[in-house]
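S.K.: Sharing start.pdb here; it has PDB, C-alpha atoms.
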ATOM      1  CA  MET B1341      24.256  19.476  24.072  1.00  0.00           C
ATOM      2  CA  LYS B1342      22.790  20.640  20.777  1.00  0.00           C
ATOM      3  CA  THR B1343      20.195  18.399  19.159  1.00  0.00           C
ATOM      4  CA  LEU B1344      22.239  17.411  16.104  1.00  0.00           C
ATOM      5  CA  ASP B1345      25.273  16.654  18.289  1.00  0.00           C
ATOM      6  CA  LYS B1346      23.291  13.830  19.910  1.00  0.00           C
ATOM      7  CA  ILE B1347      23.007  11.982  16.572  1.00  0.00           C
ATOM      8  CA  ARG B1348      25.954   9.634  16.123  1.00  0.00           C
ATOM      9  CA  THR B1349      27.003   6.462  14.344  1.00  0.00           C
ATOM     10  CA  LEU B1350      26.895   3.133  16.120  1.00  0.00           C
ATOM     11  CA  ALA B1351      30.714   3.062  16.148  1.00  0.00           C
ATOM     12  CA  GLN B1352      30.854   6.482  17.828  1.00  0.00           C
ATOM     13  CA  VAL B1353      28.333   5.486  20.489  1.00  0.00           C
ATOM     14  CA  ALA B1354      30.165   2.192  21.082  1.00  0.00           C
ATOM     15  CA  GLU B1355      33.300   4.224  21.883  1.00  0.00           C
ATOM     16  CA  GLU B1356      31.324   6.461  24.208  1.00  0.00           C
ATOM     17  CA  ARG B1357      29.796   3.375  25.823  1.00  0.00           C
ATOM     18  CA  GLU B1358      33.264   2.282  26.947  1.00  0.00           C
ATOM     19  CA  ARG B1359      33.821   5.669  28.594  1.00  0.00           C
ATOM     20  CA  TRP B1360      30.413   5.564  30.278  1.00  0.00           C
ATOM     21  CA  ARG B1361      31.159   2.059  31.578  1.00  0.00           C
ATOM     22  CA  ALA B1362      34.488   3.252  33.005  1.00  0.00           C
ATOM     23  CA  GLU B1363      32.667   6.137  34.706  1.00  0.00           C
ATOM     24  CA  GLY B1364      30.183   3.687  36.259  1.00  0.00           C
ATOM     25  CA  ARG B1365      27.232   5.132  34.345  1.00  0.00           C
ATOM     26  CA  THR B1366      24.348   2.851  33.393  1.00  0.00           C
ATOM     27  CA  VAL B1367      23.138   2.815  29.806  1.00  0.00           C
ATOM     28  CA  ALA B1368      19.637   2.048  28.538  1.00  0.00           C
ATOM     29  CA  LEU B1369      18.836   1.303  24.912  1.00  0.00           C
ATOM     30  CA  ALA B1370      15.392   2.041  23.507  1.00  0.00           C
ATOM     31  CA  ASN B1371      14.409   1.554  19.898  1.00  0.00           C
ATOM     32  CA  GLY B1372      11.629   2.172  17.429  1.00  0.00           C
ATOM     33  CA  ILE B1373      10.484   3.835  14.250  1.00  0.00           C
ATOM     34  CA  PHE B1374       9.167   7.055  15.845  1.00  0.00           C
ATOM     35  CA  ASP B1375       7.147   7.991  12.758  1.00  0.00           C
ATOM     36  CA  LEU B1376       4.730  10.836  13.558  1.00  0.00           C
ATOM     37  CA  LEU B1377       6.185  11.370  17.012  1.00  0.00           C
ATOM     38  CA  HIS B1378       3.404  11.346  19.620  1.00  0.00           C
ATOM     39  CA  VAL B1379       2.930  11.455  23.388  1.00  0.00           C
ATOM     40  CA  GLY B1380       3.205   7.659  23.692  1.00  0.00           C
ATOM     41  CA  HIS B1381       6.710   7.848  22.228  1.00  0.00           C
ATOM     42  CA  VAL B1382       7.662  10.657  24.601  1.00  0.00           C
ATOM     43  CA  ARG B1383       6.383   8.789  27.655  1.00  0.00           C
ATOM     44  CA  TYR B1384       8.199   5.612  26.579  1.00  0.00           C
ATOM     45  CA  LEU B1385      11.513   7.425  26.172  1.00  0.00           C
ATOM     46  CA  GLN B1386      11.110   9.429  29.375  1.00  0.00           C
ATOM     47  CA  GLY B1387      10.367   6.192  31.232  1.00  0.00           C
ATOM     48  CA  ALA B1388      13.428   4.534  29.702  1.00  0.00           C
ATOM     49  CA  LYS B1389      15.638   7.448  30.760  1.00  0.00           C
ATOM     50  CA  GLU B1390      14.398   7.145  34.352  1.00  0.00           C
ATOM     51  CA  LEU B1391      15.929   3.647  34.458  1.00  0.00           C
ATOM     52  CA  ALA B1392      19.512   4.614  33.565  1.00  0.00           C
ATOM     53  CA  ASP B1393      22.061   7.417  33.513  1.00  0.00           C
ATOM     54  CA  VAL B1394      22.348   7.482  29.711  1.00  0.00           C
ATOM     55  CA  LEU B1395      19.612   6.838  27.143  1.00  0.00           C
ATOM     56  CA  VAL B1396      20.612   5.716  23.658  1.00  0.00           C
ATOM     57  CA  VAL B1397      17.774   5.534  21.149  1.00  0.00           C
ATOM     58  CA  ALA B1398      18.095   3.408  18.017  1.00  0.00           C
ATOM     59  CA  VAL B1399      15.789   4.606  15.225  1.00  0.00           C
ATOM     60  CA  ASN B1400      14.825   2.306  12.359  1.00  0.00           C
ATOM     61  CA  SER B1401      16.172   3.492   9.021  1.00  0.00           C
ATOM     62  CA  ASP B1402      13.775   4.298   6.199  1.00  0.00           C
ATOM     63  CA  ALA B1403      14.583   0.948   4.553  1.00  0.00           C
ATOM     64  CA  SER B1404      13.992  -1.122   7.694  1.00  0.00           C
ATOM     65  CA  THR B1405      10.775   0.803   8.353  1.00  0.00           C
ATOM     66  CA  ARG B1406       9.495   0.010   4.852  1.00  0.00           C
ATOM     67  CA  ALA B1407      10.426  -3.654   5.304  1.00  0.00           C
ATOM     68  CA  TYR B1408       8.518  -3.771   8.604  1.00  0.00           C
ATOM     69  CA  LYS B1409       5.552  -1.454   7.959  1.00  0.00           C
ATOM     70  CA  GLY B1410       5.134  -1.574   4.177  1.00  0.00           C
ATOM     71  CA  PRO B1411       5.906   0.597   1.154  1.00  0.00           C
ATOM     72  CA  GLY B1412       3.915   3.629   2.366  1.00  0.00           C
ATOM     73  CA  ARG B1413       6.065   4.103   5.450  1.00  0.00           C
ATOM     74  CA  PRO B1414       7.765   5.935   6.967  1.00  0.00           C
ATOM     75  CA  TYR B1415       5.839   9.171   6.592  1.00  0.00           C
ATOM     76  CA  ILE B1416       8.767  11.146   7.975  1.00  0.00           C
ATOM     77  CA  PRO B1417      12.328  10.496   6.659  1.00  0.00           C
ATOM     78  CA  GLU B1418      14.927   9.050   9.039  1.00  0.00           C
ATOM     79  CA  SER B1419      16.963  12.263   9.168  1.00  0.00           C
ATOM     80  CA  GLU B1420      13.942  14.152  10.524  1.00  0.00           C
ATOM     81  CA  ARG B1421      12.807  11.332  12.828  1.00  0.00           C
ATOM     82  CA  THR B1422      16.263  11.130  14.410  1.00  0.00           C
ATOM     83  CA  GLU B1423      16.378  14.894  14.873  1.00  0.00           C
ATOM     84  CA  LEU B1424      12.961  14.901  16.556  1.00  0.00           C
ATOM     85  CA  VAL B1425      13.992  12.104  18.933  1.00  0.00           C
ATOM     86  CA  ALA B1426      17.317  13.834  19.635  1.00  0.00           C
ATOM     87  CA  ALA B1427      15.472  17.055  20.507  1.00  0.00           C
ATOM     88  CA  LEU B1428      13.856  15.373  23.516  1.00  0.00           C
ATOM     89  CA  ALA B1429      15.541  16.274  26.812  1.00  0.00           C
ATOM     90  CA  CYS B1430      15.508  12.633  27.953  1.00  0.00           C
ATOM     91  CA  THR B1431      17.562  11.444  24.966  1.00  0.00           C
ATOM     92  CA  ASP B1432      21.352  11.402  25.228  1.00  0.00           C
ATOM     93  CA  ARG B1433      22.314   9.758  21.912  1.00  0.00           C
ATOM     94  CA  VAL B1434      20.454   8.697  18.776  1.00  0.00           C
ATOM     95  CA  ILE B1435      21.626   6.250  16.149  1.00  0.00           C
ATOM     96  CA  VAL B1436      20.001   4.849  13.003  1.00  0.00           C
ATOM     97  CA  PHE B1437      19.947   1.118  12.378  1.00  0.00           C
ATOM     98  CA  ASP B1438      19.183  -0.635   9.119  1.00  0.00           C
ATOM     99  CA  GLU B1439      18.647  -4.204  10.295  1.00  0.00           C
ATOM    100  CA  PRO B1440      15.225  -5.804  10.889  1.00  0.00           C
ATOM    101  CA  ASN B1441      15.888  -5.855  14.665  1.00  0.00           C
ATOM    102  CA  VAL B1442      18.295  -4.290  17.164  1.00  0.00           C
ATOM    103  CA  ARG B1443      20.387  -7.388  17.912  1.00  0.00           C
ATOM    104  CA  GLY B1444      23.446  -5.915  16.190  1.00  0.00           C
ATOM    105  CA  VAL B1445      23.100  -2.674  18.149  1.00  0.00           C
ATOM    106  CA  ILE B1446      22.748  -4.656  21.379  1.00  0.00           C
ATOM    107  CA  ARG B1447      25.872  -6.700  20.558  1.00  0.00           C
ATOM    108  CA  ALA B1448      27.866  -3.529  19.826  1.00  0.00           C
ATOM    109  CA  LEU B1449      26.749  -1.514  22.854  1.00  0.00           C
ATOM    110  CA  LYS B1450      25.931  -4.148  25.477  1.00  0.00           C
ATOM    111  CA  PRO B1451      23.570  -1.759  27.261  1.00  0.00           C
ATOM    112  CA  ASP B1452      22.851  -2.437  30.915  1.00  0.00           C
ATOM    113  CA  LEU B1453      19.200  -2.313  30.012  1.00  0.00           C
ATOM    114  CA  HIS B1454      17.135  -2.795  26.852  1.00  0.00           C
ATOM    115  CA  VAL B1455      13.808  -1.003  27.249  1.00  0.00           C
ATOM    116  CA  LYS B1456      10.680  -1.548  25.172  1.00  0.00           C
ATOM    117  CA  GLY B1457       7.194  -0.041  25.328  1.00  0.00           C
ATOM    118  CA  THR B1458       4.218  -1.408  27.199  1.00  0.00           C
ATOM    119  CA  ASP B1459       3.049  -3.522  24.287  1.00  0.00           C
ATOM    120  CA  TYR B1460       5.751  -5.933  25.565  1.00  0.00           C
ATOM    121  CA  THR B1461       6.549  -7.598  28.854  1.00  0.00           C
ATOM    122  CA  PRO B1462      10.175  -8.067  29.950  1.00  0.00           C
ATOM    123  CA  ASP B1463       9.893 -11.738  28.935  1.00  0.00           C
ATOM    124  CA  SER B1464       8.299 -11.081  25.539  1.00  0.00           C
ATOM    125  CA  ILE B1465      10.953  -8.657  24.264  1.00  0.00           C
ATOM    126  CA  PRO B1466      12.286 -10.404  21.127  1.00  0.00           C
ATOM    127  CA  GLU B1467      15.930  -9.555  21.833  1.00  0.00           C
ATOM    128  CA  ALA B1468      15.785 -10.493  25.539  1.00  0.00           C
ATOM    129  CA  ASP B1469      17.985 -13.558  24.988  1.00  0.00           C
ATOM    130  CA  GLU B1470      20.661 -11.361  23.385  1.00  0.00           C
ATOM    131  CA  VAL B1471      20.632  -9.029  26.407  1.00  0.00           C
ATOM    132  CA  ARG B1472      20.678 -11.839  28.979  1.00  0.00           C
ATOM    133  CA  ALA B1473      23.632 -13.485  27.178  1.00  0.00           C
ATOM    134  CA  TYR B1474      26.032 -10.817  28.507  1.00  0.00           C
ATOM    135  CA  GLY B1475      24.258 -10.180  31.813  1.00  0.00           C
ATOM    136  CA  GLY B1476      22.080  -7.240  30.844  1.00  0.00           C
ATOM    137  CA  ARG B1477      18.415  -6.933  31.620  1.00  0.00           C
ATOM    138  CA  THR B1478      15.211  -5.935  29.890  1.00  0.00           C
ATOM    139  CA  ALA B1479      12.468  -3.600  31.074  1.00  0.00           C
ATOM    140  CA  VAL B1480       9.221  -2.055  29.923  1.00  0.00           C
ATOM    141  CA  ALA B1481       8.499   1.670  30.165  1.00  0.00           C
ATOM    142  CA  GLY B1482       5.840   4.165  29.199  1.00  0.00           C
ATOM    143  CA  ASP B1483       2.109   4.341  29.541  1.00  0.00           C
ATOM    144  CA  PRO B1484      -0.408   1.799  28.233  1.00  0.00           C
ATOM    145  CA  LYS B1485      -0.272   1.496  24.462  1.00  0.00           C
ATOM    146  CA  ASN B1486      -3.235   3.689  23.595  1.00  0.00           C
ATOM    147  CA  HIS B1487      -1.445   6.019  21.188  1.00  0.00           C
ATOM    148  CA  SER B1488      -0.278   4.940  17.754  1.00  0.00           C
ATOM    149  CA  THR B1489       1.112   6.392  14.574  1.00  0.00           C
ATOM    150  CA  THR B1490      -1.332   4.281  12.556  1.00  0.00           C
ATOM    151  CA  GLU B1491      -4.274   5.702  14.517  1.00  0.00           C
ATOM    152  CA  ILE B1492      -3.061   9.242  13.855  1.00  0.00           C
ATOM    153  CA  ALA B1493      -2.592   8.442  10.169  1.00  0.00           C
ATOM    154  CA  GLN B1494      -6.076   6.921   9.945  1.00  0.00           C
ATOM    155  CA  ARG B1495      -7.615  10.011  11.532  1.00  0.00           C
ATOM    156  CA  THR B1496      -5.879  12.143   8.903  1.00  0.00           C
ATOM    157  CA  GLY B1497      -6.807   9.750   6.088  1.00  0.00           C
ATOM    158  CA  ARG B1498      -3.261   8.576   5.331  1.00  0.00           C
ATOM    159  CA  GLU B1499      -3.298   4.912   6.358  1.00  0.00           C
ATOM    160  CA  ASN B1500      -5.565   1.920   5.911  1.00  0.00           C
ATOM    161  CA  SER B1501      -3.274  -0.873   7.119  1.00  0.00           C
ATOM    162  CA  LYS B1502      -2.220  -2.183  10.515  1.00  0.00           C
ATOM    163  CA  GLY B1503       0.747  -0.531  12.204  1.00  0.00           C
TER     164      GLY B1503
END
What would you get if you wrote out this structure as structure tokens?
M.R.:
Amino acid sequence: MKTLDKIRTLAQVAEERERWRAEGRTVALANGIFDLLHVGHVRYLQGAKELADVLVVAVNSDASTRAYKGPGRPYIPESERTELVAALACTDRVIVFDEPNVRGVIRALKPDLHVKGTDYTPDSIPEADEVRAYGGRTAVAGDPKNHSTTEIAQRTGRENSKG
């Protein structure tokens, strides 16, 4: 599938989710900002894909990124961040979400698995209660959190705040 064909709306992916469920395919949801894509992001998404048949990645919109990280972020606009994430072989679908968290995406898709990076534990994932409510589960994937967009930005002189 071509990179841009992987980028869909939440409504489109929700329709596909029904087909995948009927086919008996498991679906994992991963989410994040993915600003200045780095190896930690790649390892997280590859690890998430290893846990399911289909990997859907929800990317924070520019507005939700600014609300979370501050007015200087994101460095890369959402259209480019989604295209970069979609270009990864492990990614099956990419959507953009505008809310402060992925609860709405979880409610719409009811993924079998919600996967976060290693800065979480399965019990500390903020949306874990939402996932458990319909019988889904949470997991952690990727390598130890020793790569960060903020660190990259600091090395290049672009960032002075936490991120």
S.K.: Using all atoms listed in the file, pick whichever of B:Val1397, B:Ala1479, B:Thr1431, B:Ala1403 has the shortest atom-to-atom distance to B:Thr1349.
M.R.: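 The closest residue to B:Thr1349 is B:Val1397.
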S.K.: Written as a PDB file with C-alpha atoms, in the coordinates of the input, which residues does the PyMOL selection byres ((chain B and resi 1373) around 9) give for the file shown?
M.R.:
ATOM      1  CA  ASN B1371      14.409   1.554  19.898  1.00  0.00           C
ATOM      2  CA  GLY B1372      11.629   2.172  17.429  1.00  0.00           C
ATOM      3  CA  PHE B1374       9.167   7.055  15.845  1.00  0.00           C
ATOM      4  CA  ASP B1375       7.147   7.991  12.758  1.00  0.00           C
ATOM      5  CA  ALA B1398      18.095   3.408  18.017  1.00  0.00           C
ATOM      6  CA  VAL B1399      15.789   4.606  15.225  1.00  0.00           C
ATOM      7  CA  ASN B1400      14.825   2.306  12.359  1.00  0.00           C
ATOM      8  CA  SER B1401      16.172   3.492   9.021  1.00  0.00           C
ATOM      9  CA  ASP B1402      13.775   4.298   6.199  1.00  0.00           C
ATOM     10  CA  SER B1404      13.992  -1.122   7.694  1.00  0.00           C
ATOM     11  CA  THR B1405      10.775   0.803   8.353  1.00  0.00           C
ATOM     12  CA  PRO B1414       7.765   5.935   6.967  1.00  0.00           C
ATOM     13  CA  GLU B1418      14.927   9.050   9.039  1.00  0.00           C
ATOM     14  CA  ARG B1421      12.807  11.332  12.828  1.00  0.00           C
TER      15      ARG B1421
END
S.K.: Quick one: contact table of stretch 1422-1493 of chain B to stretch 1354-1366 of chain B, 10 Å max, nearest atom pair and distance in Å to one decimal per residue, counting all atoms listed in the file, chain and number order, as JSON lines?
M.R.:
{"residue": "B:Arg1433", "atom": "CA", "partner": "B:Glu1356", "partner_atom": "CA", "distance": 9.9}
{"residue": "B:Val1445", "atom": "CA", "partner": "B:Ala1354", "partner_atom": "CA", "distance": 9.1}
{"residue": "B:Arg1447", "atom": "CA", "partner": "B:Ala1354", "partner_atom": "CA", "distance": 9.9}
{"residue": "B:Ala1448", "atom": "CA", "partner": "B:Ala1354", "partner_atom": "CA", "distance": 6.3}
{"residue": "B:Leu1449", "atom": "CA", "partner": "B:Ala1354", "partner_atom": "CA", "distance": 5.3}
{"residue": "B:Lys1450", "atom": "CA", "partner": "B:Arg1357", "partner_atom": "CA", "distance": 8.5}
{"residue": "B:Pro1451", "atom": "CA", "partner": "B:Thr1366", "partner_atom": "CA", "distance": 7.7}
{"residue": "B:Asp1452", "atom": "CA", "partner": "B:Thr1366", "partner_atom": "CA", "distance": 6.0}
{"residue": "B:Leu1453", "atom": "CA", "partner": "B:Thr1366", "partner_atom": "CA", "distance": 8.0}
S.K.: Could you list, as a PyMOL selection string, every residue within 12 Å of B:Ala1388, counting all atoms listed in the file and ignoring same-chain residues fewer than 3 positions away?
M.R.: chain B and resi 1366-1371+1381-1385+1391-1397+1430-1432+1452-1458+1478-1483
S.K.: Pick from B:Leu1350, B:Leu1428, B:Val1471, B:Leu1344: nearest to B:Gln1386, with only C-alpha atoms counted?
M.R.: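 Answer, going by the shortest atom-to-atom distance: B:Leu1428.
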S.K.: Exactly which residues make up the result of the PyMOL selection byres ((chain B and resi 1440) around 8) on this file, given as a ChimeraX atom specification?
M.R.: /B:1404,1407-1408,1438-1439,1441-1442
S.K.: In Å, with one decimal, what is the gap from atom CA of B:Gly1475 to atom CA of B:Phe1437?
M.R.: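 Distance reported for this atom pair: 22.9 Å.
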S.K.: Find the distance between atom CA of B:Arg1406 and atom CA of B:Ser1419 and write it in Å to one decimal.
M.R.: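 Value for the atom CA of B:Arg1406-atom CA of B:Ser1419 distance: 15.0 Å.
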S.K.: Looking at B:Glu1423, B:Asp1459, B:Ala1429, B:Arg1472, which one is nearest to B:Arg1348, with distances taken over all atoms listed in the file?
M.R.: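 Smallest separation from B:Arg1348 among the options: B:Glu1423.
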S.K.: May I ask which of the residues B:Ile1446, B:Leu1376, B:Val1434, B:Leu1424 is the closest one to B:Asp1345, counting all atoms listed in the file?
M.R.: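 The shortest atom-to-atom distance to B:Asp1345 comes from B:Val1434.
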S.K.: As an exercise, work out the distance from atom CA of B:Pro1417 to atom CA of B:Ile1347 in Å and give it to one decimal place.
M.R.: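 Taking atom CA of B:Pro1417 and atom CA of B:Ile1347, their separation equals 14.6 Å.
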S.K.: Ranking B:Ala1351, B:Arg1443, B:Gly1387, B:Arg1413 by minimum distance to B:Asp1469 and counting only C-alpha atoms, which one comes first?
M.R.: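 Smallest distance to B:Asp1469 is found for B:Arg1443.
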